[in-house]
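*Asks:* First, the structure itself, so that you have it in front of you.
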Amino acid sequence: MDIPLSTIAVVGLGTMGIGIAEVLARAGREVIGIDVSDAAARQAVSALEASTARAVRKERITEDERLDMLARFRTFSDLQAAADAQLVIEVVPESYEIKQQVFRELDAIVSPTTILATGTNALSVTRLAAESQHPERVLGLHFFNPAPAMKLVEVVSSVLTAPPAVEAVTELARELGKDPVAVGDRPGFVADGLLFGYLNQAAAMYEANYASREDIDAAMKLGCGLPMGPLALLDLIGVDTARTVLEAMYSASHDRLHAPAPILKQLSEAGLTGRKSGRGFYAYVAPGSQTVVPDAQTPPESAGAVAGRTVRSVGVAGSGTMASGIAEVFAKAGYDVVLAARSQEKADTAKGRIAKSLERSVTKGRQTAQARDETLGRITAAGSLDSFADVDLAVEAVAEDLAVKQQLFGTLDKICKPGAVLATTTSSLPVVACARATSRPQDVIGMHFFNPAPAMKLVEVVRTVLTADDVHATVREVCGKIRKHPVDCGDRAGFIVNALLFPYLNNAIKMVEEHYATLDDIDAAMKLGGGYPMGPFELLDVVGLDVSLAIEKVLHSEFRDPGLAPAPLLEHLVAAGCLGRKTGRGFREYARR
């Protein structure tokens, strides 16, 4: 199979096929585009003409280079055109019957040394290979959409695949400017194997009316730095495609996290498959458009009709990074802030941390020295919660320990004036348990800030069944004044972000436990294929493995789903004291400071 892959056939000229053809033509390959639809072939030529014209306008290529690219791309309606290809990449619909028919016909057309690659992200490469006369030359070559922009290519081997075939397409991927990742044959491979479980849980969360589609999507974009929210991404991928992938994953794993949420079936069978149909989780101005238009599920403008309480002063309880960050946020927004800790020394240290943060902002030109001084002047460091007697809003940011928080709320109940709003920043504990530690549970609410609080825009607003409407309205109004984006969620483990994020992280650990892929390949796959700012193992080491394990345990305890049980490898690392960057070793080792 030591043949240069200079002539490559692409079978199926849908969105992905066109994208792959463009990548190949740009890299100087002779590209044979094949589709039974003449309209699809014409669309492929038009798309390549348009994209190369844009590249010329942006001075990325010359007009001569553009003409050469177009000359290298030819379209046909018969598989016989692939006869001289050294590599055939099929990207026909996700159906065993259709793909197997393509491979059977290719067996009679191409040379025995021609490599046959399937672009599937859901079906078994092994099963497809077994139907071929030469299974040793069949492998998976999974590009990501849009193929010209996305750097990741998963190279999928079956137990039947010959190593030279893998080496040849891996080298091709590098020559195309892509980052190939070698993976074994299982549904979803690495990137989609992790991504689609997360998307499925988001769909189920929306179906359960736990949070609005807008809040779910905003939470994951702002809380995790993702380029798209999960429901918008499902619409982009295609609800029917997602359902197909999940069905394949569930048939292999029998993990309930992969069992397609019923809403995916309902939308698919109704023809509401996302952007391509003009309607899915969202409604679009036209089929194929990315422009969202209001529909019956769009939150009404009058959602905040209840008037909130007046908030002029804020108390922040705690002396850690989170407490000082939250105090800084409120002070910058013009609120008088009392920062209270267990001692005056701890409170002064926390205020000193804020001073350093503000000084960095001045150095970087983000604010003036006068603004820095005014912000610091609004913060009073106190060694006792007694200083909260006159605050309108009390926010606790102490240790994530229910007993500690309940004791604190009992104290706030005695000290704070009637009508003061009491908020907890917990990320995993029941807010109602804090509320019940007071004589005024209607005044208690969750305000889950994200770290670092001054930079992160998201606040999860968590109301319990006892929270008063005007308390909820107050916190949403305050979020607007401190320039944060509030999302509403109910009082259940993980709220929105952690409930979707940590099962994904846990599943990544399971992939490593099963020796399916390496840490580096998984991290690369999620950054390059999913647009994640950090890979799962980078993120776990930053968050802290002990913190991650605690959240996993809370989720497992709350939802009782076996698939949410913490991965044993995570428990072993925590038991060994390998907690991530803070200890110098987690999933990776770090230089000691």
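Within each chain, counting starts at residue 1; across the structure tokens, chains are named A, B, ... in the order shown, with ligands numbered 1 upward in that order.
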Going by DSSP on the backbone, which bits of segment 129-330 of chain A are alpha helix (DSSP H)? Write them as a PyMOL selection string, please.
*Replies:* chain A and resi 129-130+163-175+191-207+213-224+230-237+239-253+262-269+321-330
*Asks:* Tell me which protein, DNA and RNA residues are within 8 Å of segment 372-389 of chain A, counting only C-alpha atoms, leaving out same-chain ones fewer than 2 positions away, and put them as a ChimeraX atom specification.
*Replies:* /A:315,317,327-328,331-332,334-348,351,354-355,358-359,362,367-370,391,394,411-412,415-417
*Asks:* Please identify all polymer residues within 10 Å of segment 21-34 of chain A, counting only C-alpha atoms, omitting same-chain residues fewer than 2 positions from it, and present them as a PyMOL selection string.
*Replies:* chain A and resi 5-13+16-19+36-38+40-41+44-45+47-49+51-52+61+65-66+68-82+84-85+88-90+147-149+172-173+175-178
*Asks:* So which residues touch segment 165-169 of chain A within 10 Å, counting only C-alpha atoms, skipping near sequence neighbours fewer than 4 positions away, as number ranges by chain?
*Replies:* A: 1-5, 87, 113-117, 136-141, 155-157, 161, 173-175, 180, 182
*Asks:* Which residue out of A:Glu558, A:Asp469, A:Asp107, A:Asp192 has the minimum interatomic distance to Met249 of chain A when only C-alpha atoms are used?
*Replies:*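 Looking only at the distances to Met249 of chain A, the closest residue turns out to be A:Asp192.
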*Asks:* Just checking: using only C-alpha atoms, which residue out of A:Val92, A:Ala252, A:Ile496, A:Ala129 ends up closest to Gly229 of chain A?
*Replies:*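 Answer, going by the shortest atom-to-atom distance: A:Ile496.
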*Asks:* So, counting only C-alpha atoms, which residue among A:Phe103, A:Tyr532, A:Tyr590, A:Tyr250 is closest to Gly193 of chain A?
*Replies:*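 Comparing A:Phe103, A:Tyr532, A:Tyr590, A:Tyr250 against Gly193 of chain A, the winner is A:Tyr250.
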*Asks:* Excluding segment 221-225 of chain A and its own-chain neighbours fewer than 2 positions away, which residues fall within 8 Å of it when counting only C-alpha atoms? Please give them as a ChimeraX atom specification.
*Replies:* /A:217-219,227-229,450,456-458,497,532-533
*Asks:* Just want the 7 Å neighbourhood of segment 93-100 of chain A, counted on only C-alpha atoms, with same-chain residues fewer than 3 positions away dropped. Output as a ChimeraX atom specification.
*Replies:* /A:103-104,120,128,131
*Asks:* Keeping N, CA, C and O atoms for every residue in the selection just given, could you write it to a file as a short mmCIF file (atom, residue, chain, number, x, y, z; two decimals), in the first residue's frame?
*Replies:*
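Saved result, result_11.cif, follows:
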data_model
loop_
_atom_site.label_atom_id
_atom_site.label_comp_id
_atom_site.auth_asym_id
_atom_site.auth_seq_id
_atom_site.Cartn_x
_atom_site.Cartn_y
_atom_site.Cartn_z
N PHE A 103 -19.32 0.18 -0.74
CA PHE A 103 -18.10 -0.60 -0.64
C PHE A 103 -18.12 -1.83 -1.55
O PHE A 103 -17.11 -2.18 -2.16
N ARG A 104 -19.27 -2.49 -1.65
CA ARG A 104 -19.37 -3.66 -2.53
C ARG A 104 -19.11 -3.27 -3.98
O ARG A 104 -18.40 -3.97 -4.72
N THR A 120 -17.88 7.82 8.50
CA THR A 120 -18.88 7.66 9.55
C THR A 120 -18.39 8.18 10.90
O THR A 120 -17.19 8.11 11.20
N LEU A 128 -18.37 -2.59 8.55
CA LEU A 128 -18.28 -2.18 7.15
C LEU A 128 -17.13 -2.89 6.46
O LEU A 128 -17.25 -3.33 5.31
N GLU A 131 -17.60 -6.59 5.28
CA GLU A 131 -18.38 -6.81 4.06
C GLU A 131 -17.55 -6.62 2.80
O GLU A 131 -18.00 -6.92 1.70
#
*Asks:* Find the residues near segment 578-584 of chain A: any atom within 8 Å, counting only C-alpha atoms, skip ones fewer than 6 places away on the same chain, and give them as a PDB file with all heavy atoms, in the first residue's frame.
*Replies:*
ATOM      1  N   LEU A 540      -9.637  19.169  34.309  1.00  0.00           N
ATOM      2  CA  LEU A 540      -9.703  18.446  35.581  1.00  0.00           C
ATOM      3  C   LEU A 540      -8.543  18.840  36.489  1.00  0.00           C
ATOM      4  O   LEU A 540      -8.729  19.055  37.695  1.00  0.00           O
ATOM      5  CB  LEU A 540      -9.674  16.933  35.324  1.00  0.00           C
ATOM      6  CG  LEU A 540     -10.997  16.311  34.877  1.00  0.00           C
ATOM      7  CD1 LEU A 540     -10.749  14.977  34.190  1.00  0.00           C
ATOM      8  CD2 LEU A 540     -11.951  16.143  36.056  1.00  0.00           C
ATOM      9  N   ASP A 541      -7.346  18.956  35.942  1.00  0.00           N
ATOM     10  CA  ASP A 541      -6.194  19.332  36.759  1.00  0.00           C
ATOM     11  C   ASP A 541      -6.286  20.766  37.255  1.00  0.00           C
ATOM     12  O   ASP A 541      -5.769  21.097  38.322  1.00  0.00           O
ATOM     13  CB  ASP A 541      -4.898  19.126  35.963  1.00  0.00           C
ATOM     14  CG  ASP A 541      -4.432  17.672  35.971  1.00  0.00           C
ATOM     15  OD1 ASP A 541      -5.033  16.855  36.698  1.00  0.00           O
ATOM     16  OD2 ASP A 541      -3.465  17.347  35.248  1.00  0.00           O
ATOM     17  N   VAL A 542      -6.931  21.637  36.484  1.00  0.00           N
ATOM     18  CA  VAL A 542      -7.121  23.024  36.921  1.00  0.00           C
ATOM     19  C   VAL A 542      -8.179  23.105  38.016  1.00  0.00           C
ATOM     20  O   VAL A 542      -7.994  23.764  39.053  1.00  0.00           O
ATOM     21  CB  VAL A 542      -7.514  23.924  35.725  1.00  0.00           C
ATOM     22  CG1 VAL A 542      -7.987  25.283  36.210  1.00  0.00           C
ATOM     23  CG2 VAL A 542      -6.336  24.088  34.780  1.00  0.00           C
ATOM     24  N   VAL A 543      -9.311  22.436  37.803  1.00  0.00           N
ATOM     25  CA  VAL A 543     -10.400  22.460  38.782  1.00  0.00           C
ATOM     26  C   VAL A 543      -9.964  21.823  40.087  1.00  0.00           C
ATOM     27  O   VAL A 543     -10.317  22.283  41.183  1.00  0.00           O
ATOM     28  CB  VAL A 543     -11.636  21.721  38.216  1.00  0.00           C
ATOM     29  CG1 VAL A 543     -12.696  21.523  39.285  1.00  0.00           C
ATOM     30  CG2 VAL A 543     -12.204  22.486  37.033  1.00  0.00           C
ATOM     31  N   GLY A 544      -9.179  20.756  40.000  1.00  0.00           N
ATOM     32  CA  GLY A 544      -8.787  19.984  41.175  1.00  0.00           C
ATOM     33  C   GLY A 544      -9.520  18.654  41.173  1.00  0.00           C
ATOM     34  O   GLY A 544     -10.754  18.624  41.069  1.00  0.00           O
ATOM     35  N   LEU A 545      -8.765  17.570  41.266  1.00  0.00           N
ATOM     36  CA  LEU A 545      -9.387  16.256  41.183  1.00  0.00           C
ATOM     37  C   LEU A 545     -10.263  15.963  42.385  1.00  0.00           C
ATOM     38  O   LEU A 545     -11.265  15.245  42.286  1.00  0.00           O
ATOM     39  CB  LEU A 545      -8.314  15.173  41.022  1.00  0.00           C
ATOM     40  CG  LEU A 545      -7.887  14.869  39.578  1.00  0.00           C
ATOM     41  CD1 LEU A 545      -7.387  16.124  38.861  1.00  0.00           C
ATOM     42  CD2 LEU A 545      -6.817  13.796  39.543  1.00  0.00           C
ATOM     43  N   ASP A 546      -9.908  16.527  43.546  1.00  0.00           N
ATOM     44  CA  ASP A 546     -10.737  16.338  44.741  1.00  0.00           C
ATOM     45  C   ASP A 546     -12.075  17.053  44.591  1.00  0.00           C
ATOM     46  O   ASP A 546     -13.135  16.509  44.927  1.00  0.00           O
ATOM     47  CB  ASP A 546     -10.005  16.816  45.996  1.00  0.00           C
ATOM     48  CG  ASP A 546      -9.451  18.237  45.855  1.00  0.00           C
ATOM     49  OD1 ASP A 546      -9.295  18.731  44.712  1.00  0.00           O
ATOM     50  OD2 ASP A 546      -9.163  18.863  46.898  1.00  0.00           O
ATOM     51  N   TYR A 590       3.358  18.642  37.044  1.00  0.00           N
ATOM     52  CA  TYR A 590       3.615  20.066  36.841  1.00  0.00           C
ATOM     53  C   TYR A 590       4.846  20.474  37.635  1.00  0.00           C
ATOM     54  O   TYR A 590       5.132  19.903  38.695  1.00  0.00           O
ATOM     55  CB  TYR A 590       2.398  20.899  37.282  1.00  0.00           C
ATOM     56  CG  TYR A 590       1.144  20.518  36.539  1.00  0.00           C
ATOM     57  CD1 TYR A 590       0.318  19.485  36.997  1.00  0.00           C
ATOM     58  CD2 TYR A 590       0.808  21.137  35.343  1.00  0.00           C
ATOM     59  CE1 TYR A 590      -0.819  19.102  36.296  1.00  0.00           C
ATOM     60  CE2 TYR A 590      -0.325  20.763  34.635  1.00  0.00           C
ATOM     61  CZ  TYR A 590      -1.126  19.741  35.114  1.00  0.00           C
ATOM     62  OH  TYR A 590      -2.253  19.360  34.409  1.00  0.00           O
ATOM     63  N   ALA A 591       5.534  21.472  37.118  1.00  0.00           N
ATOM     64  CA  ALA A 591       6.723  21.970  37.808  1.00  0.00           C
ATOM     65  C   ALA A 591       6.306  22.643  39.107  1.00  0.00           C
ATOM     66  O   ALA A 591       5.324  23.389  39.153  1.00  0.00           O
ATOM     67  CB  ALA A 591       7.462  22.957  36.903  1.00  0.00           C
ATOM     68  N   ARG A 592       7.033  22.372  40.142  1.00  0.00           N
ATOM     69  CA  ARG A 592       6.760  22.993  41.443  1.00  0.00           C
ATOM     70  C   ARG A 592       7.163  24.453  41.407  1.00  0.00           C
ATOM     71  O   ARG A 592       8.204  24.812  40.868  1.00  0.00           O
ATOM     72  CB  ARG A 592       7.542  22.279  42.551  1.00  0.00           C
ATOM     73  CG  ARG A 592       7.126  20.834  42.760  1.00  0.00           C
ATOM     74  CD  ARG A 592       5.887  20.767  43.613  1.00  0.00           C
ATOM     75  NE  ARG A 592       5.574  19.382  43.959  1.00  0.00           N
ATOM     76  CZ  ARG A 592       4.603  19.038  44.775  1.00  0.00           C
ATOM     77  NH1 ARG A 592       3.838  19.965  45.327  1.00  0.00           N
ATOM     78  NH2 ARG A 592       4.365  17.771  45.046  1.00  0.00           N
TER      79      ARG A 592
END
*Asks:* Any idea what the distance is between atom CA of Ala162 of chain A and atom CA of Ala108 of chain A?
*Replies:*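 Atom CA of Ala108 of chain A lies at a distance of 20.0 Å from atom CA of Ala162 of chain A.
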*Asks:* Atom CA of Pro294 of chain A to atom CA of Ser268 of chain A: how many Å, to one decimal?
*Replies:*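 Interatomic distance here is 20.7 Å.
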*Asks:* Measuring between only C-alpha atoms, which one of A:Tyr516, A:Phe409, A:Tyr282, A:Tyr206 shows the shortest distance to Ala232 of chain A?
*Replies:*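 Using only C-alpha atoms, the shortest distance to Ala232 of chain A belongs to A:Tyr282.
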*Asks:* Could you write out, as a PyMOL selection string, all the residues of segment 46-266 of chain A that DSSP marks as strand (DSSP E or B)?
*Replies:* chain A and resi 73-76+87-90+115-118+138-143+152-157+179-184
*Asks:* Write to file, as a short mmCIF file (atom, residue, chain, number, x, y, z; two decimals), in the first residue's frame, the residues of the selection just made, with C-alpha atoms.
*Replies:*
data_model
loop_
_atom_site.label_atom_id
_atom_site.label_comp_id
_atom_site.auth_asym_id
_atom_site.auth_seq_id
_atom_site.Cartn_x
_atom_site.Cartn_y
_atom_site.Cartn_z
CA PHE A 73 -11.94 18.98 -9.02
CA ARG A 74 -14.13 16.94 -11.34
CA THR A 75 -17.61 15.59 -10.62
CA PHE A 76 -19.33 12.41 -11.77
CA LEU A 87 -7.98 6.57 -1.84
CA VAL A 88 -11.78 6.70 -1.75
CA ILE A 89 -13.51 8.58 1.07
CA GLU A 90 -17.24 7.90 1.39
CA ILE A 115 -7.62 2.44 0.45
CA LEU A 116 -11.32 2.70 1.27
CA ALA A 117 -12.18 5.17 4.02
CA THR A 118 -15.55 5.72 5.65
CA VAL A 138 -10.88 -0.31 5.03
CA LEU A 139 -10.58 2.28 7.79
CA GLY A 140 -12.32 5.35 9.18
CA LEU A 141 -11.33 8.90 8.29
CA HIS A 142 -13.53 11.18 10.35
CA PHE A 143 -13.32 14.87 9.42
CA LEU A 152 -8.98 17.39 13.81
CA VAL A 153 -9.15 14.16 11.81
CA GLU A 154 -9.80 10.90 13.64
CA VAL A 155 -8.08 7.95 11.94
CA VAL A 156 -10.06 4.87 12.91
CA SER A 157 -8.59 1.37 12.72
CA ASP A 179 -3.97 17.02 13.25
CA PRO A 180 -4.65 13.28 13.02
CA VAL A 181 -5.58 11.31 16.15
CA ALA A 182 -5.44 7.52 16.07
CA VAL A 183 -8.49 5.85 17.66
CA GLY A 184 -10.07 2.43 17.83
#
*Asks:* In terms of the shortest atom-to-atom distance over only C-alpha atoms, which of A:Asn498, A:Gln133, A:Asn145, A:Gln201 is closest to Pro262 of chain A?
*Replies:*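 Looking at the shortest contact to Pro262 of chain A, the residue is A:Gln201.
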